[in-house]
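protein.cif follows; it contains mmCIF, C-alpha atoms.
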data_coords
loop_
_atom_site.group_PDB
_atom_site.id
_atom_site.type_symbol
_atom_site.label_atom_id
_atom_site.label_comp_id
_atom_site.auth_asym_id
_atom_site.auth_seq_id
_atom_site.Cartn_x
_atom_site.Cartn_y
_atom_site.Cartn_z
ATOM 1 C CA MET A 1 -17.169 -56.539 27.581
ATOM 2 C CA ALA A 2 -13.899 -56.921 29.467
ATOM 3 C CA ASP A 3 -13.460 -59.915 31.748
ATOM 4 C CA LEU A 4 -14.147 -59.111 35.385
ATOM 5 C CA LYS A 5 -11.098 -59.200 37.628
ATOM 6 C CA LYS A 6 -11.054 -61.915 40.278
ATOM 7 C CA ILE A 7 -10.026 -61.124 43.848
ATOM 8 C CA LEU A 8 -9.242 -63.730 46.511
ATOM 9 C CA VAL A 9 -9.753 -62.455 50.074
ATOM 10 C CA VAL A 10 -8.064 -64.505 52.807
ATOM 11 C CA GLU A 11 -9.363 -63.199 56.143
ATOM 12 C CA ASP A 12 -10.471 -65.150 59.217
ATOM 13 C CA GLU A 13 -12.471 -62.305 60.819
ATOM 14 C CA LYS A 14 -15.911 -62.820 59.306
ATOM 15 C CA LYS A 15 -17.151 -59.229 59.609
ATOM 16 C CA ILE A 16 -14.007 -57.793 58.031
ATOM 17 C CA SER A 17 -14.157 -60.369 55.242
ATOM 18 C CA GLU A 18 -17.801 -59.532 54.526
ATOM 19 C CA VAL A 19 -17.103 -55.788 54.400
ATOM 20 C CA ILE A 20 -14.132 -56.234 52.060
ATOM 21 C CA LYS A 21 -16.176 -58.526 49.818
ATOM 22 C CA ALA A 22 -19.088 -56.067 49.682
ATOM 23 C CA TYR A 23 -16.895 -53.102 48.767
ATOM 24 C CA LEU A 24 -14.981 -55.012 46.093
ATOM 25 C CA GLU A 25 -18.146 -56.468 44.547
ATOM 26 C CA ARG A 26 -19.619 -52.973 44.475
ATOM 27 C CA GLU A 27 -16.688 -52.027 42.218
ATOM 28 C CA GLY A 28 -17.443 -54.907 39.865
ATOM 29 C CA TYR A 29 -14.872 -57.467 41.006
ATOM 30 C CA LEU A 30 -15.558 -61.191 41.358
ATOM 31 C CA VAL A 31 -14.664 -62.067 44.942
ATOM 32 C CA ASN A 32 -13.880 -65.392 46.617
ATOM 33 C CA THR A 33 -13.316 -65.459 50.377
ATOM 34 C CA THR A 34 -11.826 -67.967 52.790
ATOM 35 C CA PRO A 35 -10.649 -67.848 56.425
ATOM 36 C CA SER A 36 -8.114 -70.631 55.828
ATOM 37 C CA GLY A 37 -4.569 -70.397 54.532
ATOM 38 C CA ARG A 38 -4.652 -73.951 53.197
ATOM 39 C CA GLU A 39 -7.950 -73.346 51.423
ATOM 40 C CA ALA A 40 -6.514 -70.125 50.005
ATOM 41 C CA LEU A 41 -3.687 -72.037 48.339
ATOM 42 C CA LYS A 42 -6.208 -74.431 46.778
ATOM 43 C CA LEU A 43 -8.423 -71.576 45.578
ATOM 44 C CA ALA A 44 -5.425 -69.776 44.118
ATOM 45 C CA GLU A 45 -4.862 -72.758 41.822
ATOM 46 C CA THR A 46 -8.494 -73.290 40.810
ATOM 47 C CA VAL A 47 -9.742 -69.689 40.657
ATOM 48 C CA GLU A 48 -6.484 -68.109 39.418
ATOM 49 C CA PRO A 49 -7.196 -64.704 40.990
ATOM 50 C CA ASP A 50 -5.890 -61.449 39.564
ATOM 51 C CA LEU A 51 -5.068 -60.233 43.072
ATOM 52 C CA VAL A 52 -4.994 -61.632 46.619
ATOM 53 C CA VAL A 53 -5.898 -59.749 49.806
ATOM 54 C CA LEU A 54 -4.140 -61.717 52.549
ATOM 55 C CA ASP A 55 -4.435 -61.395 56.332
ATOM 56 C CA LEU A 56 -1.292 -62.331 58.271
ATOM 57 C CA MET A 57 -3.070 -63.880 61.256
ATOM 58 C CA LEU A 58 -4.804 -67.059 60.066
ATOM 59 C CA PRO A 59 -5.954 -70.096 62.086
ATOM 60 C CA ASP A 60 -3.927 -72.713 60.213
ATOM 61 C CA LEU A 61 -1.075 -71.522 58.002
ATOM 62 C CA SER A 62 0.371 -68.100 58.711
ATOM 63 C CA GLY A 63 -0.068 -65.331 56.184
ATOM 64 C CA GLU A 64 3.704 -65.347 55.691
ATOM 65 C CA GLU A 65 3.607 -69.031 54.702
ATOM 66 C CA VAL A 66 0.722 -68.459 52.309
ATOM 67 C CA CYS A 67 2.444 -65.448 50.760
ATOM 68 C CA ALA A 68 5.735 -67.290 50.289
ATOM 69 C CA THR A 69 3.979 -70.282 48.695
ATOM 70 C CA LEU A 70 1.925 -68.100 46.362
ATOM 71 C CA ARG A 71 5.023 -66.196 45.338
ATOM 72 C CA ARG A 72 6.870 -69.409 44.468
ATOM 73 C CA ARG A 73 3.961 -70.451 42.254
ATOM 74 C CA SER A 74 3.092 -67.196 40.499
ATOM 75 C CA ASP A 75 3.461 -63.424 40.323
ATOM 76 C CA VAL A 76 -0.120 -62.694 41.427
ATOM 77 C CA PRO A 77 -0.262 -59.319 43.232
ATOM 78 C CA ILE A 78 -0.643 -59.680 47.011
ATOM 79 C CA ILE A 79 -1.882 -57.052 49.466
ATOM 80 C CA MET A 80 -1.120 -58.020 53.063
ATOM 81 C CA VAL A 81 -3.577 -56.952 55.760
ATOM 82 C CA THR A 82 -2.497 -57.052 59.400
ATOM 83 C CA ALA A 83 -2.797 -55.459 62.821
ATOM 84 C CA LYS A 84 0.999 -55.251 63.024
ATOM 85 C CA THR A 85 2.034 -51.638 62.588
ATOM 86 C CA ALA A 86 5.827 -51.707 63.013
ATOM 87 C CA GLU A 87 7.872 -50.645 60.007
ATOM 88 C CA ASP A 88 9.972 -53.823 60.281
ATOM 89 C CA ASP A 89 6.793 -55.902 59.894
ATOM 90 C CA ARG A 90 5.866 -53.929 56.784
ATOM 91 C CA VAL A 91 9.315 -54.416 55.275
ATOM 92 C CA HIS A 92 9.286 -58.124 56.171
ATOM 93 C CA GLY A 93 5.964 -58.531 54.384
ATOM 94 C CA LEU A 94 7.380 -56.949 51.246
ATOM 95 C CA ASP A 95 10.559 -58.966 51.659
ATOM 96 C CA ILE A 96 8.682 -62.269 51.370
ATOM 97 C CA GLY A 97 6.834 -61.167 48.254
ATOM 98 C CA ALA A 98 3.865 -58.936 49.081
ATOM 99 C CA ASP A 99 3.203 -56.004 46.758
ATOM 100 C CA ASP A 100 1.509 -53.786 49.311
ATOM 101 C CA TYR A 101 0.798 -53.724 53.051
ATOM 102 C CA LEU A 102 -2.255 -52.335 54.829
ATOM 103 C CA THR A 103 -2.568 -52.079 58.617
ATOM 104 C CA LYS A 104 -5.767 -52.542 60.610
ATOM 105 C CA PRO A 105 -7.981 -50.687 61.174
ATOM 106 C CA PHE A 106 -8.222 -49.424 57.612
ATOM 107 C CA SER A 107 -10.830 -47.823 55.415
ATOM 108 C CA PRO A 108 -12.434 -50.262 52.950
ATOM 109 C CA ARG A 109 -12.273 -47.459 50.392
ATOM 110 C CA GLU A 110 -8.519 -47.261 50.869
ATOM 111 C CA LEU A 111 -8.226 -50.994 50.220
ATOM 112 C CA VAL A 112 -10.314 -50.642 47.058
ATOM 113 C CA ALA A 113 -8.057 -47.781 45.942
ATOM 114 C CA ARG A 114 -4.967 -49.936 46.518
ATOM 115 C CA VAL A 115 -6.531 -52.813 44.568
ATOM 116 C CA LYS A 116 -7.382 -50.545 41.645
ATOM 117 C CA SER A 117 -3.926 -48.984 41.666
ATOM 118 C CA ILE A 118 -2.106 -52.314 41.606
ATOM 119 C CA LEU A 119 -4.330 -53.850 38.925
ATOM 120 C CA ARG A 120 -4.054 -50.723 36.804
ATOM 121 C CA ARG A 121 -0.270 -50.821 36.945
ATOM 122 C CA THR A 122 -0.112 -54.573 36.484
ATOM 123 C CA HIS A 123 -2.155 -54.647 33.298
ATOM 124 C CA SER A 124 -1.391 -51.313 31.681
ATOM 125 C CA GLU A 125 1.506 -51.443 29.280
ATOM 126 C CA GLU A 126 0.643 -48.398 27.180
ATOM 127 C CA GLU A 127 3.049 -46.143 29.028
ATOM 128 C CA PHE A 128 6.028 -48.103 27.732
ATOM 129 C CA LEU A 129 7.309 -47.148 24.306
ATOM 130 C CA ALA A 130 9.487 -50.166 23.627
ATOM 131 C CA GLU A 131 8.217 -53.726 23.559
ATOM 132 C CA LYS A 132 11.534 -55.255 24.545
ATOM 133 C CA ILE A 133 14.794 -53.905 25.923
ATOM 134 C CA SER A 134 17.984 -55.856 26.501
ATOM 135 C CA PHE A 135 21.289 -55.289 28.265
ATOM 136 C CA ASN A 136 24.719 -56.887 28.494
ATOM 137 C CA ASP A 137 24.528 -58.683 25.120
ATOM 138 C CA GLU A 138 20.980 -59.828 25.926
ATOM 139 C CA ARG A 139 21.973 -61.427 29.210
ATOM 140 C CA LEU A 140 19.128 -59.370 30.696
ATOM 141 C CA VAL A 141 15.994 -59.016 28.553
ATOM 142 C CA ILE A 142 12.888 -57.102 29.641
ATOM 143 C CA ASP A 143 9.883 -57.970 27.485
ATOM 144 C CA ILE A 144 7.268 -55.306 28.146
ATOM 145 C CA THR A 145 4.522 -56.802 25.990
ATOM 146 C CA ARG A 146 4.716 -60.224 27.626
ATOM 147 C CA HIS A 147 5.473 -58.785 31.068
ATOM 148 C CA GLU A 148 8.455 -61.108 31.209
ATOM 149 C CA VAL A 149 12.102 -60.885 32.266
ATOM 150 C CA ARG A 150 14.835 -63.286 31.180
ATOM 151 C CA VAL A 151 18.267 -63.667 32.729
ATOM 152 C CA ASP A 152 20.736 -65.777 30.758
ATOM 153 C CA GLY A 153 17.819 -67.035 28.682
ATOM 154 C CA GLN A 154 15.786 -68.198 31.671
ATOM 155 C CA VAL A 155 12.465 -66.617 32.635
ATOM 156 C CA VAL A 156 12.628 -65.017 36.084
ATOM 157 C CA ALA A 157 9.406 -64.641 38.074
ATOM 158 C CA LEU A 158 8.982 -61.057 39.269
ATOM 159 C CA THR A 159 6.149 -59.582 41.275
ATOM 160 C CA PRO A 160 4.206 -56.801 39.521
ATOM 161 C CA HIS A 161 5.953 -54.176 41.631
ATOM 162 C CA GLU A 162 9.384 -55.672 40.979
ATOM 163 C CA PHE A 163 8.659 -55.614 37.247
ATOM 164 C CA LYS A 164 7.466 -52.017 37.455
ATOM 165 C CA LEU A 165 10.562 -51.033 39.427
ATOM 166 C CA LEU A 166 12.929 -52.697 36.957
ATOM 167 C CA SER A 167 11.079 -51.215 33.977
ATOM 168 C CA THR A 168 11.209 -47.740 35.500
ATOM 169 C CA LEU A 169 14.914 -47.850 36.322
ATOM 170 C CA SER A 170 15.984 -49.457 33.045
ATOM 171 C CA ARG A 171 13.998 -46.999 30.943
ATOM 172 C CA HIS A 172 16.576 -44.287 31.707
ATOM 173 C CA PRO A 173 19.988 -45.869 32.425
ATOM 174 C CA GLY A 174 22.212 -43.621 34.497
ATOM 175 C CA ARG A 175 19.375 -41.514 35.862
ATOM 176 C CA VAL A 176 19.242 -41.354 39.651
ATOM 177 C CA TYR A 177 15.800 -41.942 41.177
ATOM 178 C CA SER A 178 15.098 -41.029 44.794
ATOM 179 C CA ARG A 179 13.343 -43.580 46.981
ATOM 180 C CA TYR A 180 10.376 -41.246 47.244
ATOM 181 C CA GLU A 181 10.106 -40.974 43.463
ATOM 182 C CA LEU A 182 10.374 -44.733 43.015
ATOM 183 C CA ILE A 183 7.795 -45.549 45.674
ATOM 184 C CA ASN A 184 5.337 -43.214 43.969
ATOM 185 C CA ARG A 185 6.042 -44.635 40.508
ATOM 186 C CA VAL A 186 5.842 -48.244 41.675
ATOM 187 C CA GLN A 187 3.128 -48.122 44.355
ATOM 188 C CA GLY A 188 1.142 -45.208 42.957
ATOM 189 C CA TYR A 189 0.991 -41.513 43.696
ATOM 190 C CA ASP A 190 -1.739 -42.045 46.278
ATOM 191 C CA TYR A 191 0.431 -44.424 48.279
ATOM 192 C CA GLU A 192 1.694 -43.246 51.660
ATOM 193 C CA GLY A 193 4.260 -45.883 52.533
ATOM 194 C CA TYR A 194 7.699 -45.943 54.010
ATOM 195 C CA GLU A 195 10.673 -45.364 51.759
ATOM 196 C CA ARG A 196 12.261 -48.551 53.108
ATOM 197 C CA THR A 197 9.689 -50.521 51.139
ATOM 198 C CA ILE A 198 11.661 -49.646 48.000
ATOM 199 C CA ASP A 199 14.819 -51.025 49.619
ATOM 200 C CA ALA A 200 12.975 -54.313 50.178
ATOM 201 C CA HIS A 201 11.829 -54.449 46.542
ATOM 202 C CA VAL A 202 15.365 -53.656 45.319
ATOM 203 C CA LYS A 203 16.844 -56.361 47.540
ATOM 204 C CA ASN A 204 14.445 -58.960 46.127
ATOM 205 C CA LEU A 205 15.001 -57.772 42.563
ATOM 206 C CA ARG A 206 18.776 -58.006 42.898
ATOM 207 C CA GLN A 207 18.471 -61.572 44.158
ATOM 208 C CA LYS A 208 16.631 -62.460 40.967
ATOM 209 C CA ILE A 209 18.565 -60.624 38.229
ATOM 210 C CA GLU A 210 22.091 -60.078 39.544
ATOM 211 C CA ARG A 211 24.880 -62.653 39.461
ATOM 212 C CA GLU A 212 26.309 -61.126 42.630
ATOM 213 C CA PRO A 213 23.451 -59.405 44.492
ATOM 214 C CA LYS A 214 25.847 -57.877 47.024
ATOM 215 C CA GLU A 215 27.919 -56.407 44.179
ATOM 216 C CA PRO A 216 25.163 -55.537 41.691
ATOM 217 C CA MET A 217 25.904 -54.952 38.038
ATOM 218 C CA TYR A 218 22.603 -53.326 37.107
ATOM 219 C CA ILE A 219 20.863 -51.689 40.059
ATOM 220 C CA LYS A 220 23.306 -49.385 41.810
ATOM 221 C CA THR A 221 22.751 -47.677 45.146
ATOM 222 C CA VAL A 222 23.321 -43.931 45.220
ATOM 223 C CA PHE A 223 23.939 -43.428 48.920
ATOM 224 C CA GLY A 224 21.737 -40.875 50.586
ATOM 225 C CA VAL A 225 19.597 -40.516 47.465
ATOM 226 C CA GLY A 226 18.217 -43.714 45.920
ATOM 227 C CA TYR A 227 19.048 -45.937 42.950
ATOM 228 C CA ARG A 228 20.114 -45.865 39.320
ATOM 229 C CA PHE A 229 20.296 -48.487 36.564
ATOM 230 C CA GLU A 230 23.683 -49.214 35.008
ATOM 231 C CA ASP A 231 23.588 -50.125 31.305
ATOM 232 C CA LYS A 232 26.281 -52.772 30.910
#

Structure encoded using structure tokens:
Amino acid sequence: MADLKKILVVEDEKKISEVIKAYLEREGYLVNTTPSGREALKLAETVEPDLVVLDLMLPDLSGEEVCATLRRRSDVPIIMVTAKTAEDDRVHGLDIGADDYLTKPFSPRELVARVKSILRRTHSEEEFLAEKISFNDERLVIDITRHEVRVDGQVVALTPHEFKLLSTLSRHPGRVYSRYELINRVQGYDYEGYERTIDAHVKNLRQKIEREPKEPMYIKTVFGVGYRFEDK
């Protein structure tokens, strides 16, 4: 029997937390909940969740602080939940390391679908044919089996969506992908997000793998269309 996936829910509204927990447990997940950002950081170390559902408005630490700290420590997938609906807020959430962003009020079933989609893409490697691909005399190495990326021999921590984005682009060097195509490949075909979310993921990815992020060697912008990967 496969190990049950562990979900950490960080939400200070008790009723919302209880509903999320009930729906996730109904799907067979092990769920820990906390209303506290500080407690969430402690639980993340002891429980080692497979995914975190994180509210932005918390009574102690802000959701942004919790997200940034979690991202420095690991590549655990993070779904932000917030009442903020502006596109800039969504992009900011992705910019600091979230993998997805859900605005209140939302359907618990939609959250469950997002959780399933992210975990499925995080742990499924069968779609990739090669176990390892390298570029620029192995300066950049993408190890599919280990879900690991190395730049100049050093392991670089990528979020699951950043890894998926890099894997997708590098699989077909020179091919131009539209933002819409990338957001569906990375977030899932059932995802209805803004195309700017891909720009945020690309920005973060460039910071991690490019020597000069403002003059990228690998991930090139195709203005008015999207992005392509350059095989150096």

*Can you list, as a list in words, every protein, DNA or RNA residue that comes within 10 Å of Gly28 of chain A when you count all atoms listed in the file, leaving out same-chain residues fewer than 4 positions away?*
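Here the answer would be Leu4, Lys5, Lys6, Tyr23 and Leu24 of chain A.
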
*Take the PyMOL selection byres ((chain A and resi 74-81) around 9), apply it to the structure above, and return the hits as a VMD selection string.*
chain A and resid 11 48 to 57 63 67 69 to 73 82 to 84 90 93 to 94 97 to 104 111 114 to 115 118 to 119 122 157 to 161

_For atom CA of Gly224 of chain A and atom CA of Arg179 of chain A, the interatomic separation in Å (one decimal)_ =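 Between atom CA of Gly224 of chain A and atom CA of Arg179 of chain A the gap works out to 9.5 Å.
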
*asked:* Evaluated on this file, the PyMOL selection byres ((chain A and resi 20) around 10) picks out some residues - which ones are they, written as an NGL selection string?
replied: :A and (9 or 11 or 14-19 or 21-26 or 31 or 33 or 53 or 107-109 or 111-112)

Any chance you could export the current selection's C-alpha atoms as a short mmCIF file (atom, residue, chain, number, x, y, z; two decimals), keeping the file's coordinate frame?
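Once everything was written out, this is selection-v9.cif:
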data_model
loop_
_atom_site.label_atom_id
_atom_site.label_comp_id
_atom_site.auth_asym_id
_atom_site.auth_seq_id
_atom_site.Cartn_x
_atom_site.Cartn_y
_atom_site.Cartn_z
CA VAL A 9 -9.75 -62.46 50.07
CA GLU A 11 -9.36 -63.20 56.14
CA LYS A 14 -15.91 -62.82 59.31
CA LYS A 15 -17.15 -59.23 59.61
CA ILE A 16 -14.01 -57.79 58.03
CA SER A 17 -14.16 -60.37 55.24
CA GLU A 18 -17.80 -59.53 54.53
CA VAL A 19 -17.10 -55.79 54.40
CA LYS A 21 -16.18 -58.53 49.82
CA ALA A 22 -19.09 -56.07 49.68
CA TYR A 23 -16.90 -53.10 48.77
CA LEU A 24 -14.98 -55.01 46.09
CA GLU A 25 -18.15 -56.47 44.55
CA ARG A 26 -19.62 -52.97 44.48
CA VAL A 31 -14.66 -62.07 44.94
CA THR A 33 -13.32 -65.46 50.38
CA VAL A 53 -5.90 -59.75 49.81
CA SER A 107 -10.83 -47.82 55.42
CA PRO A 108 -12.43 -50.26 52.95
CA ARG A 109 -12.27 -47.46 50.39
CA LEU A 111 -8.23 -50.99 50.22
CA VAL A 112 -10.31 -50.64 47.06
#

*So, counting all atoms listed in the file, which residue among A:Leu41, A:Ile219, A:Val47, A:Ile198 is closest to Ile7 of chain A?*
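Once distances to Ile7 of chain A are computed over all atoms listed in the file, the minimum belongs to A:Val47.
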
*Report the residues retrieved by the PyMOL selection byres ((chain A and resi 163) around 12) from the displayed file, expressed as a PyMOL selection string.*
chain A and resi 75+77+99+121-123+125+141-144+146-150+156-162+164-171+185-187+201-202+204-206+208-209

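Of the listed residues (A:Arg175, A:Lys203, A:Arg38, A:Arg120), A:Arg175 comes nearest to Asp231 of chain A; the distances count only C-alpha atoms.
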
_Distance criterion (all atoms listed in the file): nearest to Ala40 of chain A out of A:Glu65, A:Val10, A:Leu58, A:Asp3_ = A:Val10

*Closest to Ser117 of chain A among A:Glu212, A:Val176, A:Asp199, A:Asn184, using all atoms listed in the file?*
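Once distances to Ser117 of chain A are computed over all atoms listed in the file, the minimum belongs to A:Asn184.
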
*asked:* For a quick check of understanding, using all atoms listed in the file, which of A:Pro213, A:Thr46, A:Gly37, A:Glu138 has the smallest distance to Val66 of chain A?
replied: A:Gly37

Go ahead and fit an axis-aligned box to every listed atom of segment 154-171 of chain A plus 6 Å each side, and pass me the centre and edge lengths in Å, one decimal, as lines of an AutoDock Vina configuration file.
center_x = 10.1
center_y = -57.6
center_z = 36.3
size_x = 23.8
size_y = 33.2
size_z = 22.7

*Go through A:Thr145, A:Arg139, A:Thr197, A:Tyr227 one by one, measure the shortest atom-to-atom distance of each to His172 of chain A using only C-alpha atoms, and give the residue with the smallest value.*
A:Tyr227

Could N, CA and C atoms be built for segment 56-79 of chain A and written out as a compact mmCIF listing (two decimals), keeping the file's coordinate frame?
# COMPACT_ATOMS: atom_id res chain seq x y z
N LEU A 56 -2.45 -61.61 57.73
CA LEU A 56 -1.29 -62.33 58.27
C LEU A 56 -1.67 -63.34 59.34
N MET A 57 -2.70 -63.03 60.13
CA MET A 57 -3.07 -63.88 61.26
C MET A 57 -4.20 -64.82 60.85
N LEU A 58 -3.83 -66.06 60.50
CA LEU A 58 -4.80 -67.06 60.07
C LEU A 58 -4.78 -68.24 61.03
N PRO A 59 -5.87 -69.02 61.10
CA PRO A 59 -5.95 -70.10 62.09
C PRO A 59 -5.10 -71.32 61.79
N ASP A 60 -4.72 -71.52 60.53
CA ASP A 60 -3.93 -72.71 60.21
C ASP A 60 -2.52 -72.31 59.77
N LEU A 61 -2.35 -72.03 58.49
CA LEU A 61 -1.08 -71.52 58.00
C LEU A 61 -0.99 -70.03 58.29
N SER A 62 0.21 -69.54 58.52
CA SER A 62 0.37 -68.10 58.71
C SER A 62 0.29 -67.39 57.37
N GLY A 63 -0.04 -66.11 57.41
CA GLY A 63 -0.07 -65.33 56.18
C GLY A 63 1.28 -65.32 55.48
N GLU A 64 2.37 -65.32 56.28
CA GLU A 64 3.70 -65.35 55.69
C GLU A 64 3.91 -66.62 54.87
N GLU A 65 3.46 -67.76 55.42
CA GLU A 65 3.61 -69.03 54.70
C GLU A 65 2.80 -69.03 53.41
N VAL A 66 1.58 -68.51 53.50
CA VAL A 66 0.72 -68.46 52.31
C VAL A 66 1.34 -67.55 51.25
N CYS A 67 1.83 -66.40 51.69
CA CYS A 67 2.44 -65.45 50.76
C CYS A 67 3.66 -66.06 50.07
N ALA A 68 4.53 -66.70 50.86
CA ALA A 68 5.74 -67.29 50.29
C ALA A 68 5.39 -68.39 49.29
N THR A 69 4.38 -69.21 49.61
CA THR A 69 3.98 -70.28 48.70
C THR A 69 3.38 -69.72 47.41
N LEU A 70 2.51 -68.73 47.55
CA LEU A 70 1.92 -68.10 46.36
C LEU A 70 3.01 -67.50 45.48
N ARG A 71 3.99 -66.86 46.12
CA ARG A 71 5.02 -66.20 45.34
C ARG A 71 5.90 -67.20 44.59
N ARG A 72 6.10 -68.37 45.17
CA ARG A 72 6.87 -69.41 44.47
C ARG A 72 6.10 -69.91 43.25
N ARG A 73 4.79 -69.90 43.33
CA ARG A 73 3.96 -70.45 42.25
C ARG A 73 3.65 -69.45 41.15
N SER A 74 3.53 -68.17 41.50
CA SER A 74 3.09 -67.20 40.50
C SER A 74 3.52 -65.79 40.89
N ASP A 75 3.17 -64.83 40.03
CA ASP A 75 3.46 -63.42 40.32
C ASP A 75 2.18 -62.65 40.62
N VAL A 76 1.15 -63.35 41.10
CA VAL A 76 -0.12 -62.69 41.43
C VAL A 76 0.13 -61.59 42.46
N PRO A 77 -0.44 -60.40 42.26
CA PRO A 77 -0.26 -59.32 43.23
C PRO A 77 -0.89 -59.69 44.58
N ILE A 78 -0.18 -59.35 45.66
CA ILE A 78 -0.64 -59.68 47.01
C ILE A 78 -0.64 -58.42 47.87
N ILE A 79 -1.79 -58.13 48.48
CA ILE A 79 -1.88 -57.05 49.47
C ILE A 79 -2.02 -57.70 50.84
